[in-house]
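Here's the structure, in structure tokens; my notes come after.
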Amino acid sequence: MALHYKIIPVTPFQQNCSVIWCSETNLAAVVDPGGEIPRIREFIESNKLELDKILITHAHLDHAGGTAELARLNGVPIIGPHKDDQFWIDLLPEQCAQFGFDGDTFTPDQWLDHGDVVALGNLSFEVVHCPGHTPGHVVFVERTANFAAVGDVLFQGSIGRSDFPKGNQKDLVDSIRNRLFPLGDNIDFIPGHGPMSTFGHERKTNPFVADKRFG
């Protein structure tokens, strides 16, 4: 399989920043560099990977706080999130200052829409717009590898918060059940925090979105 990944939990939030790469080309992407950029870069360099792009699921500080720094240091494009998260990007300096982090705003080189495809070497990630946690949240799905990076939409046994500005619980549940679960039970996903799971496991057991809740 060409897709490989390394989860690097960063900051006191223990956010699952991940380095994903195509083993056939050694091209890598960093998903949600929330902070601790030297650790992320050291992993890339020590594994002789070539950083090709940064992928952003949403613009909360723990997922996007280090984006500007990593893009500046490595000269790579920032891809995502959806444009409806612009206001969160604008708030990044304020968000970071509240928690004692360094962080700056950034301008994505490409905003993402539902149905877009992002290439990484020989891998193709489908973009699934999943509002609810934030209005511009996106998920990256590589179907041939049965893999997804879902940010803070879905967790093992839980779902994302919807009590932030412009969050919406119904939208979040609809995003999971109508846009993620139909992609297949066997898709392994990296959540924004905590252990990995599969769509099938959550569809059966997750108390917020399991099939049995919806008859």
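Following the order of the structure tokens, chains are lettered A, B, ..., residues in each are numbered from 1, and ligands are numbered from 1.
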
What are the closest atom pairs, with distances in Å to one decimal, for each residue of stretch 27-97 of chain A lying within 12 Å of stretch 190-213 of chain A, using only C-alpha atoms, rows by chain and rising residue number, as CSV?
residue,atom,partner,partner_atom,distance
A:Val31,CA,A:Gly192,CA,9.9
A:Asp32,CA,A:Gly192,CA,8.6
A:Pro33,CA,A:Gly192,CA,11.1
A:Gly34,CA,A:Gly192,CA,10.4
A:Ile56,CA,A:Gly192,CA,11.3
A:Thr57,CA,A:Gly192,CA,9.2
A:His58,CA,A:Gly192,CA,10.2
A:His60,CA,A:Gly192,CA,11.0
A:Asp62,CA,A:Gly192,CA,9.2
A:His63,CA,A:Gly192,CA,7.9
A:Ala64,CA,A:Gly192,CA,11.6

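For A:Val141, the set of protein, DNA and RNA residues having any atom at most 9 Å away, when counting only C-alpha atoms and skipping those fewer than 6 positions along the same chain, is Ser124, Phe125, Glu126, Val127, Val128, Phe147, Ala148, Ala149, Val150, Leu183, Ile187 and Phe189 of chain A.
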
Exercise. Where does DSSP see alpha helix (DSSP H) in stretch 79-153 of chain A, if you list the residues as a ChimeraX atom specification?
Worked result: /A:86-90,92-98

Exercise. In Å to one decimal, how far is atom CA of A:Asn146 from atom CA of A:Ile159?
Worked result: 20.3 Å

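For A:His4, the residues within 9 Å (counting only C-alpha atoms, excluding itself and residues fewer than 5 positions away along the chain) are Val19, Ile20, Trp21, Cys22 and Ser23 of chain A.
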
Distance table requested - stretch 56-128 of chain A against stretch 40-46 of chain A, cut-off 10 Å, only C-alpha atoms: one row per qualifying residue with the closest atom pair and its distance in Å to one decimal, ordered by chain and rising residue number, as a tab-separated table.
residue	atom	partner	partner_atom	distance
A:Leu70	CA	A:Arg41	CA	8.2
A:Leu73	CA	A:Arg41	CA	9.4
A:Asn74	CA	A:Arg41	CA	8.9

Exercise. Which value, in Å to one decimal, gives the distance between atom CA of A:Gln110 and atom CA of A:Leu27?
Worked result: 18.5 Å

Exercise. What's the 12 Å shell around stretch 111-117 of chain A, counting only C-alpha atoms, without same-chain residues fewer than 4 positions away, as a PyMOL selection string?
Worked result: chain A and resi 55-58+77-86+106-107+123-131+135-143+175+179

Write to file, as a compact mmCIF listing (two decimals), in the first residue's frame, the residues of the selection just made, with N, CA, C and O atoms.
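That gives us out.txt:
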# COMPACT_ATOMS: atom_id res chain seq x y z
N LEU A 55 -2.30 20.20 4.74
CA LEU A 55 -3.74 20.02 4.62
C LEU A 55 -4.40 20.44 5.93
O LEU A 55 -3.98 20.00 7.01
N ILE A 56 -5.42 21.27 5.85
CA ILE A 56 -6.10 21.79 7.03
C ILE A 56 -7.55 21.34 7.04
O ILE A 56 -8.31 21.61 6.10
N THR A 57 -7.96 20.64 8.11
CA THR A 57 -9.36 20.24 8.21
C THR A 57 -10.25 21.38 8.67
O THR A 57 -11.37 21.54 8.19
N HIS A 58 -9.75 22.17 9.64
CA HIS A 58 -10.50 23.32 10.13
C HIS A 58 -9.53 24.23 10.88
O HIS A 58 -8.40 23.83 11.17
N PRO A 77 2.56 24.88 -0.11
CA PRO A 77 1.22 25.46 -0.14
C PRO A 77 0.34 24.94 1.00
O PRO A 77 0.52 23.81 1.48
N ILE A 78 -0.61 25.77 1.38
CA ILE A 78 -1.62 25.43 2.38
C ILE A 78 -2.91 25.12 1.64
O ILE A 78 -3.45 25.97 0.92
N ILE A 79 -3.41 23.92 1.83
CA ILE A 79 -4.61 23.47 1.14
C ILE A 79 -5.72 23.28 2.17
O ILE A 79 -5.61 22.47 3.08
N GLY A 80 -6.81 24.02 2.02
CA GLY A 80 -7.93 23.95 2.93
C GLY A 80 -7.83 24.98 4.04
O GLY A 80 -6.83 25.69 4.15
N PRO A 81 -8.88 25.06 4.85
CA PRO A 81 -10.12 24.29 4.78
C PRO A 81 -11.10 24.89 3.78
O PRO A 81 -10.68 25.50 2.80
N HIS A 82 -12.40 24.71 4.01
CA HIS A 82 -13.45 25.37 3.23
C HIS A 82 -13.49 26.85 3.64
O HIS A 82 -13.20 27.20 4.78
N LYS A 83 -13.88 27.71 2.71
CA LYS A 83 -13.82 29.16 2.94
C LYS A 83 -14.70 29.63 4.10
O LYS A 83 -14.49 30.73 4.63
N ASP A 84 -15.67 28.81 4.52
CA ASP A 84 -16.52 29.23 5.64
C ASP A 84 -15.77 29.27 6.97
O ASP A 84 -16.33 29.74 7.96
N ASP A 85 -14.53 28.79 7.01
CA ASP A 85 -13.70 28.90 8.22
C ASP A 85 -12.79 30.12 8.20
O ASP A 85 -11.92 30.25 9.08
N GLN A 86 -13.00 31.03 7.27
CA GLN A 86 -12.16 32.23 7.19
C GLN A 86 -12.15 32.98 8.52
O GLN A 86 -11.10 33.45 8.98
N PHE A 106 -3.08 32.93 8.24
CA PHE A 106 -2.51 32.49 6.98
C PHE A 106 -3.57 32.62 5.90
O PHE A 106 -4.77 32.73 6.20
N THR A 107 -3.12 32.61 4.69
CA THR A 107 -4.04 32.62 3.55
C THR A 107 -3.88 31.32 2.80
O THR A 107 -2.80 31.04 2.27
N LEU A 123 -1.34 9.16 -4.53
CA LEU A 123 -2.56 9.09 -3.71
C LEU A 123 -3.53 10.19 -4.12
O LEU A 123 -3.11 11.28 -4.53
N SER A 124 -4.82 9.91 -3.97
CA SER A 124 -5.85 10.90 -4.27
C SER A 124 -6.81 10.99 -3.09
O SER A 124 -7.47 10.00 -2.73
N PHE A 125 -6.89 12.17 -2.50
CA PHE A 125 -7.76 12.39 -1.34
C PHE A 125 -9.02 13.14 -1.78
O PHE A 125 -8.94 14.25 -2.32
N GLU A 126 -10.15 12.51 -1.56
CA GLU A 126 -11.42 13.16 -1.82
C GLU A 126 -11.73 14.10 -0.65
O GLU A 126 -11.51 13.76 0.51
N VAL A 127 -12.25 15.26 -0.97
CA VAL A 127 -12.61 16.25 0.04
C VAL A 127 -14.10 16.12 0.35
O VAL A 127 -14.94 16.17 -0.56
N VAL A 128 -14.41 15.94 1.62
CA VAL A 128 -15.79 15.85 2.08
C VAL A 128 -16.05 17.02 3.02
O VAL A 128 -15.43 17.11 4.09
N HIS A 129 -16.91 17.93 2.61
CA HIS A 129 -17.24 19.08 3.46
C HIS A 129 -18.18 18.59 4.55
O HIS A 129 -19.26 18.05 4.27
N CYS A 130 -17.77 18.75 5.82
CA CYS A 130 -18.54 18.23 6.96
C CYS A 130 -18.76 19.33 7.99
O CYS A 130 -18.10 19.35 9.04
N PRO A 131 -19.66 20.27 7.73
CA PRO A 131 -19.91 21.33 8.70
C PRO A 131 -20.59 20.80 9.95
O PRO A 131 -21.17 19.71 9.97
N PRO A 135 -18.08 25.64 10.49
CA PRO A 135 -18.82 25.64 9.22
C PRO A 135 -17.98 25.24 8.02
O PRO A 135 -18.53 24.78 7.01
N GLY A 136 -16.66 25.41 8.12
CA GLY A 136 -15.80 25.11 6.98
C GLY A 136 -14.98 23.84 7.13
O GLY A 136 -14.00 23.65 6.41
N HIS A 137 -15.36 22.97 8.03
CA HIS A 137 -14.59 21.75 8.30
C HIS A 137 -14.65 20.80 7.09
O HIS A 137 -15.71 20.57 6.51
N VAL A 138 -13.48 20.25 6.74
CA VAL A 138 -13.42 19.25 5.67
C VAL A 138 -12.72 17.99 6.18
O VAL A 138 -11.96 18.03 7.15
N VAL A 139 -13.01 16.88 5.50
CA VAL A 139 -12.41 15.58 5.80
C VAL A 139 -11.71 15.11 4.53
O VAL A 139 -12.17 15.36 3.42
N PHE A 140 -10.56 14.44 4.70
CA PHE A 140 -9.78 13.93 3.58
C PHE A 140 -9.87 12.41 3.54
O PHE A 140 -9.53 11.75 4.52
N VAL A 141 -10.32 11.87 2.42
CA VAL A 141 -10.56 10.43 2.29
C VAL A 141 -9.77 9.86 1.12
O VAL A 141 -9.89 10.36 -0.01
N GLU A 142 -8.95 8.83 1.39
CA GLU A 142 -8.23 8.11 0.34
C GLU A 142 -8.88 6.74 0.23
O GLU A 142 -8.63 5.85 1.02
N ARG A 143 -9.73 6.57 -0.77
CA ARG A 143 -10.59 5.38 -0.83
C ARG A 143 -9.81 4.11 -1.11
O ARG A 143 -10.13 3.05 -0.56
N SER A 175 -23.60 15.43 8.74
CA SER A 175 -22.32 15.26 8.03
C SER A 175 -21.78 13.86 8.22
O SER A 175 -21.32 13.21 7.27
N ARG A 179 -22.61 11.81 4.94
CA ARG A 179 -21.44 12.02 4.08
C ARG A 179 -20.27 11.09 4.40
O ARG A 179 -19.51 10.75 3.48

For this session: Fewer than 2 positions away in the same chain doesn't count, so skip those; otherwise give me all residues within 12 Å of A:Leu91, counting only C-alpha atoms, as an MDAnalysis selection string.
Result: chainID A and resid 59:61 64:65 85:89 93:98 103:106 165
